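Structure file start-v1.pdb (PDB, C-alpha atoms) is printed below.
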ATOM      1  CA  MET A  32      87.097 142.137 103.140
ATOM      2  CA  VAL A  33      86.457 140.980 106.701
ATOM      3  CA  PRO A  34      83.525 142.814 108.332
ATOM      4  CA  LEU A  35      84.239 144.584 111.611
ATOM      5  CA  SER A  36      81.088 143.194 113.133
ATOM      6  CA  VAL A  37      78.254 140.922 112.183
ATOM      7  CA  ARG A  38      74.589 141.044 113.117
ATOM      8  CA  GLY A  39      72.413 138.069 112.344
ATOM      9  CA  MET A  40      74.091 134.689 112.218
ATOM     10  CA  LEU A  41      73.235 131.045 112.113
ATOM     11  CA  LEU A  42      75.237 129.180 114.730
ATOM     12  CA  CYS A  43      75.668 125.612 113.595
ATOM     13  CA  HIS A  44      77.359 122.393 114.592
ATOM     14  CA  ALA A  45      78.990 119.823 112.351
ATOM     15  CA  GLY A  46      79.398 116.933 114.715
ATOM     16  CA  PRO A  47      80.837 118.562 117.849
ATOM     17  CA  HIS A  48      82.431 121.404 115.891
ATOM     18  CA  ARG A  49      81.123 124.957 115.724
ATOM     19  CA  LEU A  50      80.445 126.994 112.575
ATOM     20  CA  ALA A  51      78.747 130.357 112.025
ATOM     21  CA  PHE A  52      77.217 131.754 108.849
ATOM     22  CA  HIS A  53      75.846 135.174 107.951
ATOM     23  CA  ALA A  54      72.069 134.940 108.128
ATOM     24  CA  HIS A  55      71.722 137.085 105.010
ATOM     25  CA  GLU A  56      73.650 134.511 102.992
ATOM     26  CA  VAL A  57      71.125 131.799 103.820
ATOM     27  CA  ALA A  58      68.106 131.935 101.534
ATOM     28  CA  SER A  59      66.395 128.925 103.090
ATOM     29  CA  ILE A  60      66.806 126.064 105.532
ATOM     30  CA  THR A  61      65.540 122.679 104.544
ATOM     31  CA  SER A  62      65.871 118.975 105.198
ATOM     32  CA  PRO A  63      68.693 117.041 103.560
ATOM     33  CA  GLU A  64      66.411 114.867 101.485
ATOM     34  CA  GLY A  65      66.619 115.738  97.831
ATOM     35  CA  TRP A  66      69.783 117.780  98.187
ATOM     36  CA  ALA A  67      73.254 116.703  97.147
ATOM     37  CA  ALA A  68      74.662 119.124  99.687
ATOM     38  CA  PRO A  69      78.164 118.475 100.978
ATOM     39  CA  SER A  70      78.261 117.878 104.716
ATOM     40  CA  ALA A  71      80.142 120.412 106.809
ATOM     41  CA  ARG A  72      81.516 117.447 108.747
ATOM     42  CA  ARG A  73      83.909 116.851 105.846
ATOM     43  CA  ALA A  74      85.852 119.918 106.913
ATOM     44  CA  PHE A  75      86.613 118.091 110.153
ATOM     45  CA  HIS A  76      87.506 114.768 108.557
ATOM     46  CA  SER A  77      84.314 113.163 109.854
ATOM     47  CA  PRO A  78      81.839 110.943 107.981
ATOM     48  CA  ASP A  79      79.137 112.817 106.080
ATOM     49  CA  GLY A  80      75.836 113.511 107.749
ATOM     50  CA  ALA A  81      73.385 116.363 108.228
ATOM     51  CA  ALA A  82      70.048 117.114 109.803
ATOM     52  CA  ARG A  83      69.534 120.456 108.065
ATOM     53  CA  VAL A  84      70.722 122.056 104.846
ATOM     54  CA  LEU A  85      71.559 125.735 104.488
ATOM     55  CA  VAL A  86      70.740 126.914 100.982
ATOM     56  CA  SER A  87      72.368 130.031  99.574
ATOM     57  CA  ALA A  88      70.673 132.488  97.240
ATOM     58  CA  ALA A  89      72.849 131.124  94.437
ATOM     59  CA  GLY A  90      71.430 127.653  95.035
ATOM     60  CA  GLY A  91      74.451 126.130  96.712
ATOM     61  CA  ALA A  92      73.951 124.225  99.933
ATOM     62  CA  VAL A  93      75.813 122.931 102.982
ATOM     63  CA  GLY A  94      74.596 120.294 105.413
ATOM     64  CA  VAL A  95      74.901 120.826 109.170
ATOM     65  CA  ASP A  96      73.749 118.918 112.241
ATOM     66  CA  THR A  97      72.265 121.678 114.386
ATOM     67  CA  LEU A  98      71.535 125.368 114.028
ATOM     68  CA  GLU A  99      70.261 128.265 116.048
ATOM     69  CA  ILE A 100      69.722 131.917 115.239
ATOM     70  CA  GLU A 101      71.896 134.571 116.872
ATOM     71  CA  ALA A 102      70.391 137.995 116.383
ATOM     72  CA  GLU A 103      72.818 140.112 118.422
ATOM     73  CA  ALA A 104      75.733 141.990 116.859
ATOM     74  CA  HIS A 105      79.206 140.659 117.537
ATOM     75  CA  PRO A 106      82.657 141.915 116.600
ATOM     76  CA  VAL A 107      84.534 139.782 114.104
ATOM     77  CA  LEU A 108      88.024 138.806 115.179
ATOM     78  CA  PRO A 109      90.497 138.475 112.297
ATOM     79  CA  ALA A 110      91.403 134.914 111.380
ATOM     80  CA  PRO A 111      95.077 133.942 111.453
ATOM     81  CA  ALA A 112      96.564 133.358 107.998
ATOM     82  CA  VAL A 113      97.255 129.715 108.803
ATOM     83  CA  ALA A 114      93.566 129.170 109.535
ATOM     84  CA  VAL A 115      92.390 130.999 106.410
ATOM     85  CA  ARG A 116      94.689 128.855 104.312
ATOM     86  CA  ALA A 117      93.418 125.649 105.929
ATOM     87  CA  SER A 118      89.828 126.503 105.031
ATOM     88  CA  GLY A 119      90.595 127.340 101.437
ATOM     89  CA  GLY A 120      89.832 131.005 102.018
ATOM     90  CA  SER A 121      86.251 130.365 103.144
ATOM     91  CA  LEU A 122      86.982 131.395 106.741
ATOM     92  CA  GLN A 123      86.154 135.077 107.231
ATOM     93  CA  GLY A 124      87.018 135.442 110.885
ATOM     94  CA  PHE A 125      85.852 134.365 114.323
ATOM     95  CA  VAL A 126      83.048 135.537 116.569
ATOM     96  CA  LEU A 127      82.936 135.108 120.318
ATOM     97  CA  VAL A 128      79.425 133.976 121.243
ATOM     98  CA  GLN A 129      78.275 132.214 124.405
ATOM     99  CA  GLY A 130      81.856 132.384 125.637
ATOM    100  CA  LYS A 131      83.177 130.328 122.731
ATOM    101  CA  LEU A 132      84.861 131.055 119.426
ATOM    102  CA  TRP A 133      82.884 130.292 116.296
ATOM    103  CA  PRO A 134      84.514 130.225 112.853
ATOM    104  CA  LEU A 135      82.546 132.602 110.620
ATOM    105  CA  MET A 136      82.299 131.056 107.177
ATOM    106  CA  GLY A 137      81.234 132.430 103.820
ATOM    107  CA  LEU A 138      78.500 129.990 102.787
ATOM    108  CA  VAL A 139      79.195 129.946  99.051
ATOM    109  CA  ASP A 140      82.960 129.733  99.484
ATOM    110  CA  PHE A 141      82.586 127.049 102.140
ATOM    111  CA  GLU A 142      80.389 124.931  99.880
ATOM    112  CA  ARG A 143      82.994 125.249  97.128
ATOM    113  CA  PHE A 144      85.709 124.282  99.600
ATOM    114  CA  LEU A 145      83.772 121.212 100.760
ATOM    115  CA  ARG A 146      83.194 120.058  97.198
ATOM    116  CA  GLY A 147      86.930 120.423  96.615
ATOM    117  CA  LEU A 148      87.594 118.127  99.554
ATOM    118  CA  VAL A 149      85.513 115.487  97.794
ATOM    119  CA  GLY A 150      87.664 115.983  94.721
ATOM    120  CA  GLU A 151      90.807 115.534  96.759
ATOM    121  CA  ALA A 152      89.486 112.322  98.247
ATOM    122  CA  ALA A 153      88.476 110.902  94.878
TER     123      ALA A 153
ATOM    124  CA  MET B 781     126.158 126.476 101.176
ATOM    125  CA  ALA B 782     127.253 128.951 103.811
ATOM    126  CA  VAL B 783     127.419 127.833 107.400
ATOM    127  CA  HIS B 784     125.940 130.305 109.832
ATOM    128  CA  GLU B 785     126.854 130.437 113.476
ATOM    129  CA  PRO B 786     124.095 131.612 115.791
ATOM    130  CA  GLU B 787     124.704 135.205 116.782
ATOM    131  CA  ALA B 788     126.703 135.169 119.969
ATOM    132  CA  ARG B 789     124.518 137.775 121.635
ATOM    133  CA  GLN B 790     121.261 136.177 120.658
ATOM    134  CA  SER B 791     119.295 134.312 123.287
ATOM    135  CA  TYR B 792     116.820 131.562 122.597
ATOM    136  CA  LEU B 793     113.828 130.174 124.414
ATOM    137  CA  VAL B 794     114.475 126.443 124.588
ATOM    138  CA  PHE B 795     111.549 124.060 124.877
ATOM    139  CA  ALA B 796     110.672 120.449 124.239
ATOM    140  CA  CYS B 797     107.795 118.864 122.433
ATOM    141  CA  GLY B 798     107.956 115.215 123.398
ATOM    142  CA  SER B 799     111.550 114.033 123.129
ATOM    143  CA  SER B 800     112.598 116.724 120.637
ATOM    144  CA  TRP B 801     114.045 120.042 121.727
ATOM    145  CA  TYR B 802     113.569 123.332 119.912
ATOM    146  CA  ALA B 803     114.956 126.842 120.237
ATOM    147  CA  VAL B 804     113.202 129.999 119.108
ATOM    148  CA  PRO B 805     114.839 133.438 119.176
ATOM    149  CA  ALA B 806     113.942 135.015 122.507
ATOM    150  CA  GLU B 807     112.819 138.262 120.896
ATOM    151  CA  SER B 808     110.096 136.298 119.052
ATOM    152  CA  ALA B 809     108.991 134.264 122.060
ATOM    153  CA  ALA B 810     106.317 136.418 123.654
ATOM    154  CA  GLU B 811     105.213 134.183 126.502
ATOM    155  CA  VAL B 812     104.378 130.668 127.601
ATOM    156  CA  VAL B 813     100.679 129.997 128.065
ATOM    157  CA  THR B 814      98.344 127.228 129.116
ATOM    158  CA  PHE B 815      95.699 127.304 126.449
ATOM    159  CA  PRO B 816      91.980 126.590 127.018
ATOM    160  CA  GLU B 817      89.691 124.297 125.038
ATOM    161  CA  LEU B 818      90.458 124.881 121.380
ATOM    162  CA  THR B 819      88.113 125.676 118.517
ATOM    163  CA  ARG B 820      88.764 123.468 115.523
ATOM    164  CA  VAL B 821      89.396 125.189 112.199
ATOM    165  CA  PRO B 822      87.471 123.827 109.190
ATOM    166  CA  GLY B 823      89.827 122.040 106.839
ATOM    167  CA  ALA B 824      92.742 122.170 109.240
ATOM    168  CA  PRO B 825      95.517 119.598 108.921
ATOM    169  CA  ALA B 826      96.216 117.419 111.949
ATOM    170  CA  HIS B 827      99.108 119.565 113.175
ATOM    171  CA  LEU B 828      96.840 122.625 113.461
ATOM    172  CA  LEU B 829      95.070 121.664 116.671
ATOM    173  CA  GLY B 830      92.745 124.665 116.709
ATOM    174  CA  VAL B 831      92.588 128.266 117.842
ATOM    175  CA  PHE B 832      91.932 130.148 121.044
ATOM    176  CA  ALA B 833      91.310 133.774 121.924
ATOM    177  CA  HIS B 834      94.062 135.477 123.884
ATOM    178  CA  ARG B 835      93.930 139.184 124.696
ATOM    179  CA  GLY B 836      91.605 139.870 121.790
ATOM    180  CA  GLU B 837      93.640 137.913 119.266
ATOM    181  CA  VAL B 838      92.793 134.546 117.727
ATOM    182  CA  ILE B 839      95.890 132.375 117.969
ATOM    183  CA  PRO B 840      96.457 129.104 116.100
ATOM    184  CA  VAL B 841      97.995 126.204 118.039
ATOM    185  CA  VAL B 842     100.481 124.023 116.172
ATOM    186  CA  ASP B 843     101.492 120.599 117.486
ATOM    187  CA  MET B 844     105.230 120.552 116.836
ATOM    188  CA  GLY B 845     105.325 116.760 117.105
ATOM    189  CA  LEU B 846     102.795 116.283 114.328
ATOM    190  CA  LEU B 847     104.262 119.108 112.264
ATOM    191  CA  VAL B 848     107.637 117.402 111.989
ATOM    192  CA  GLY B 849     106.068 114.051 111.208
ATOM    193  CA  GLY B 850     106.235 112.562 114.678
ATOM    194  CA  ALA B 851     103.707 111.710 117.339
ATOM    195  CA  SER B 852     101.146 114.063 118.807
ATOM    196  CA  GLN B 853     101.813 115.531 122.222
ATOM    197  CA  SER B 854      98.933 116.104 124.591
ATOM    198  CA  SER B 855     100.416 119.199 126.234
ATOM    199  CA  ARG B 856      98.117 122.137 126.988
ATOM    200  CA  ARG B 857     101.091 124.479 127.203
ATOM    201  CA  ALA B 858     102.472 126.441 124.291
ATOM    202  CA  VAL B 859     105.134 128.975 123.438
ATOM    203  CA  LEU B 860     103.642 132.048 121.771
ATOM    204  CA  VAL B 861     105.825 133.133 118.865
ATOM    205  CA  ARG B 862     104.927 136.714 117.984
ATOM    206  CA  LEU B 863     105.815 138.218 114.629
ATOM    207  CA  PRO B 864     104.661 141.446 112.990
ATOM    208  CA  ARG B 865     102.352 139.348 110.791
ATOM    209  CA  GLY B 866     100.740 137.405 113.596
ATOM    210  CA  THR B 867     101.198 134.982 116.444
ATOM    211  CA  LEU B 868     101.682 131.226 116.523
ATOM    212  CA  ALA B 869     101.363 128.948 119.547
ATOM    213  CA  LEU B 870     103.780 126.022 119.434
ATOM    214  CA  THR B 871     102.993 123.167 121.810
ATOM    215  CA  ALA B 872     105.572 122.619 124.525
ATOM    216  CA  SER B 873     105.722 119.718 126.954
ATOM    217  CA  THR B 874     108.698 121.248 128.783
ATOM    218  CA  VAL B 875     110.128 124.763 128.797
ATOM    219  CA  ALA B 876     113.793 124.930 129.767
ATOM    220  CA  GLY B 877     114.083 128.723 129.697
ATOM    221  CA  VAL B 878     116.181 131.277 127.868
ATOM    222  CA  SER B 879     119.764 130.297 127.067
ATOM    223  CA  PRO B 880     122.395 130.643 124.360
ATOM    224  CA  VAL B 881     122.659 128.162 121.511
ATOM    225  CA  THR B 882     125.872 127.028 119.867
ATOM    226  CA  GLY B 883     126.390 125.285 116.562
ATOM    227  CA  THR B 884     125.381 125.895 112.987
ATOM    228  CA  LEU B 885     122.132 127.003 111.411
ATOM    229  CA  GLU B 886     121.855 124.830 108.339
ATOM    230  CA  PRO B 887     118.383 123.653 107.300
ATOM    231  CA  LEU B 888     117.725 120.235 108.794
ATOM    232  CA  GLY B 889     116.082 119.031 105.608
ATOM    233  CA  PRO B 890     115.660 119.981 101.955
ATOM    234  CA  THR B 891     111.866 120.287 101.941
ATOM    235  CA  GLY B 892     108.844 120.988 104.060
ATOM    236  CA  VAL B 893     109.012 122.298 107.578
ATOM    237  CA  HIS B 894     112.552 121.002 108.023
ATOM    238  CA  VAL B 895     113.799 123.831 105.787
ATOM    239  CA  HIS B 896     112.788 126.163 108.607
ATOM    240  CA  LEU B 897     114.426 124.131 111.369
ATOM    241  CA  ARG B 898     118.152 124.804 111.654
ATOM    242  CA  GLY B 899     121.099 123.003 113.158
ATOM    243  CA  PRO B 900     122.908 120.981 114.277
ATOM    244  CA  ALA B 901     122.952 123.089 117.394
ATOM    245  CA  LYS B 902     123.139 122.629 121.134
ATOM    246  CA  SER B 903     121.790 124.380 124.172
ATOM    247  CA  GLY B 904     123.935 123.097 126.997
ATOM    248  CA  PRO B 905     123.891 119.323 126.689
ATOM    249  CA  ARG B 906     120.734 119.244 124.566
ATOM    250  CA  ASP B 907     120.528 118.862 120.808
ATOM    251  CA  VAL B 908     118.112 121.521 119.620
ATOM    252  CA  ALA B 909     116.498 122.444 116.338
ATOM    253  CA  VAL B 910     116.560 126.211 115.928
ATOM    254  CA  ILE B 911     113.256 127.491 114.569
ATOM    255  CA  ASP B 912     113.274 130.189 111.896
ATOM    256  CA  PRO B 913     110.052 131.947 112.956
ATOM    257  CA  GLU B 914     109.488 133.858 109.726
ATOM    258  CA  GLY B 915     110.076 130.773 107.609
ATOM    259  CA  LEU B 916     107.820 128.667 109.787
ATOM    260  CA  PHE B 917     105.092 131.287 109.549
ATOM    261  CA  ASP B 918     105.380 131.286 105.748
ATOM    262  CA  HIS B 919     105.346 127.505 105.646
ATOM    263  CA  LEU B 920     102.184 127.287 107.711
ATOM    264  CA  SER B 921     100.281 130.164 106.164
ATOM    265  CA  GLN B 922     101.383 130.004 102.540
ATOM    266  CA  GLY B 923     102.936 126.607 102.057
ATOM    267  CA  ALA B 924     106.298 128.188 101.261
TER     268      ALA B 924
END
Would you write out, as structure tokens, the structure that this file holds?
Amino acid sequence: MVPLSVRGMLLCHAGPHRLAFHAHEVASITSPEGWAAPSARRAFHSPDGAARVLVSAAGGAVGVDTLEIEAEAHPVLPAPAVAVRASGGSLQGFVLVQGKLWPLMGLVDFERFLRGLVGEAA
Amino acid sequence: MAVHEPEARQSYLVFACGSSWYAVPAESAAEVVTFPELTRVPGAPAHLLGVFAHRGEVIPVVDMGLLVGGASQSSRRAVLVRLPRGTLALTASTVAGVSPVTGTLEPLGPTGVHVHLRGPAKSGPRDVAVIDPEGLFDHLSQGA
């Protein structure tokens, strides 16, 4: 179910590309060392790399390049079906922040999707 | 296989993407827009260039050249194809306008997106591929 609005997000970049995550899905933020976290850059067909790792409560993790906290509430715009399909169902919608659209991702589903991309490449 | 003639009363919006011409039923063609900087979609194939917000709706932009296996077109213009299930923006380098189409509406190929492109058909002197909007939507969103 897509939420009507979201309050508390992490706004991230993977390379030049924007991604947003629910803050409540992120249990901790750490450095990439010691984590076999898939890089969010994979979703944009870019070489792996990360400066920070978002760790979910379930222990899964995704690497991103930058992040900032967005505390304000924002409406969630429904994602087109073609975009949901492309992201393996991990795309929950879009938020308009700082005048730009940010894909709002489910952290656990996105990590699973990224690991699947590795499987496809293998 | 039955051969279908385009309905005589039906009008089509005719547009080009690169050197290829397409026709989409006019009742599905909502408007022609110049789209802003796009937001990339995680996991998107090359033909899905990104999305933009338009009147409160997030609209995906599809490069018709890449979709049919050709070259990418750098156009910032697109034809908005509006269906009850959603809206697609199809890149357009040239928009010829609304006109009738003559010919047949057989699928132009047995698989992939070509199932949803119909012809051979003409709009005036131009060879056009007639887009089945519902089929194209299914193809892009469900892989049908």
For the contact check between chain B and chain A, emit one row per residue of chain B within 6 Å, containing the shortest atom pair and the distance in Å rounded to one decimal, counting only C-alpha atoms, chain then rising number order, as a tab-separated table.
residue	atom	partner	partner_atom	distance
B:Pro822	CA	A:Ala74	CA	4.8
B:Gly823	CA	A:Ala74	CA	4.5
B:Ala824	CA	A:Ala117	CA	4.9
B:Leu920	CA	A:Val113	CA	5.6
B:Ser921	CA	A:Val113	CA	4.0
Residue members of the PyMOL selection byres ((chain B and resi 794) around 9) in the file shown, as a ChimeraX atom specification: /B:792-793,795-796,801-806,874-881,903,908,910
Kindly resolve the PyMOL selection byres ((chain A and resi 69) around 6) on the present coordinates and return the residues as a CSV table (one decimal) with C-alpha atoms, keeping the file's coordinate frame.
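In the end it all went to part-v6.csv:
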chain,number,residue,atom,x,y,z
A,68,ALA,CA,74.7,119.1,99.7
A,70,SER,CA,78.3,117.9,104.7
A,93,VAL,CA,75.8,122.9,103.0
A,94,GLY,CA,74.6,120.3,105.4
Picked residues, the PyMOL selection byres ((chain B and resi 808) around 7), expected as a PyMOL selection string: chain B and resi 805-807+809-810+861-863
Separation of atom CA of Leu135 of chain A from atom CA of Gly39 of chain A, in Å and rounded to one decimal: 11.6 Å
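We find atom CA of Ser77 of chain A and atom CA of Gly147 of chain A to be spaced 15.3 Å apart.
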Which of B:Gly889, B:Val841, B:Gly849, B:Phe832 sits closest to Leu868 of chain B [using all atoms listed in the file]: B:Val841
Expected residue set, 7 Å radius at (78.5, 138.3, 112.9), all atoms listed in the file, as a VMD selection string: chain A and resid 36 to 40 53 104 to 107 126
Distance of atom CA of Pro840 of chain B from atom CA of Asp96 of chain A, expressed in Å to one decimal place: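 Those two atoms sit 25.2 Å apart.
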Which of B:Glu811, B:Glu837, B:Glu886, B:Asp843 sits closest to Val859 of chain B [using all atoms listed in the file]: B:Glu811
Selection near Cys797 of chain B, 12 Å with all atoms listed in the file, sequence-local residues under 6 positions removed, as a count of residues only: 27
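Comparing the minimum interatomic distances between Glu64 of chain A and each of A:Pro78, A:Val84, A:Ala51, A:Ile100, counting all atoms listed in the file, we find that A:Val84 sits nearest.
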Exercise: residues within 6 Å of coordinate (91.4, 124.6, 121.1), counting only C-alpha atoms, as a ChimeraX atom specification: /B:817-819,830-832
Edge lengths and centre in Å to one decimal, as AutoDock Vina command-line options, is what I'm after for the box along x, y and z that holds all listed atoms of segment 822-841 of chain B once 4 Å is added on each side.
--center_x 93.3 --center_y 128.6 --center_z 115.8 --size_x 19.6 --size_y 30.5 --size_z 25.9
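Counting all atoms listed in the file, the residue from A:Gln129, A:Thr97, A:Gln123, A:Thr61 that sits nearest to Gly80 of chain A is A:Thr97.
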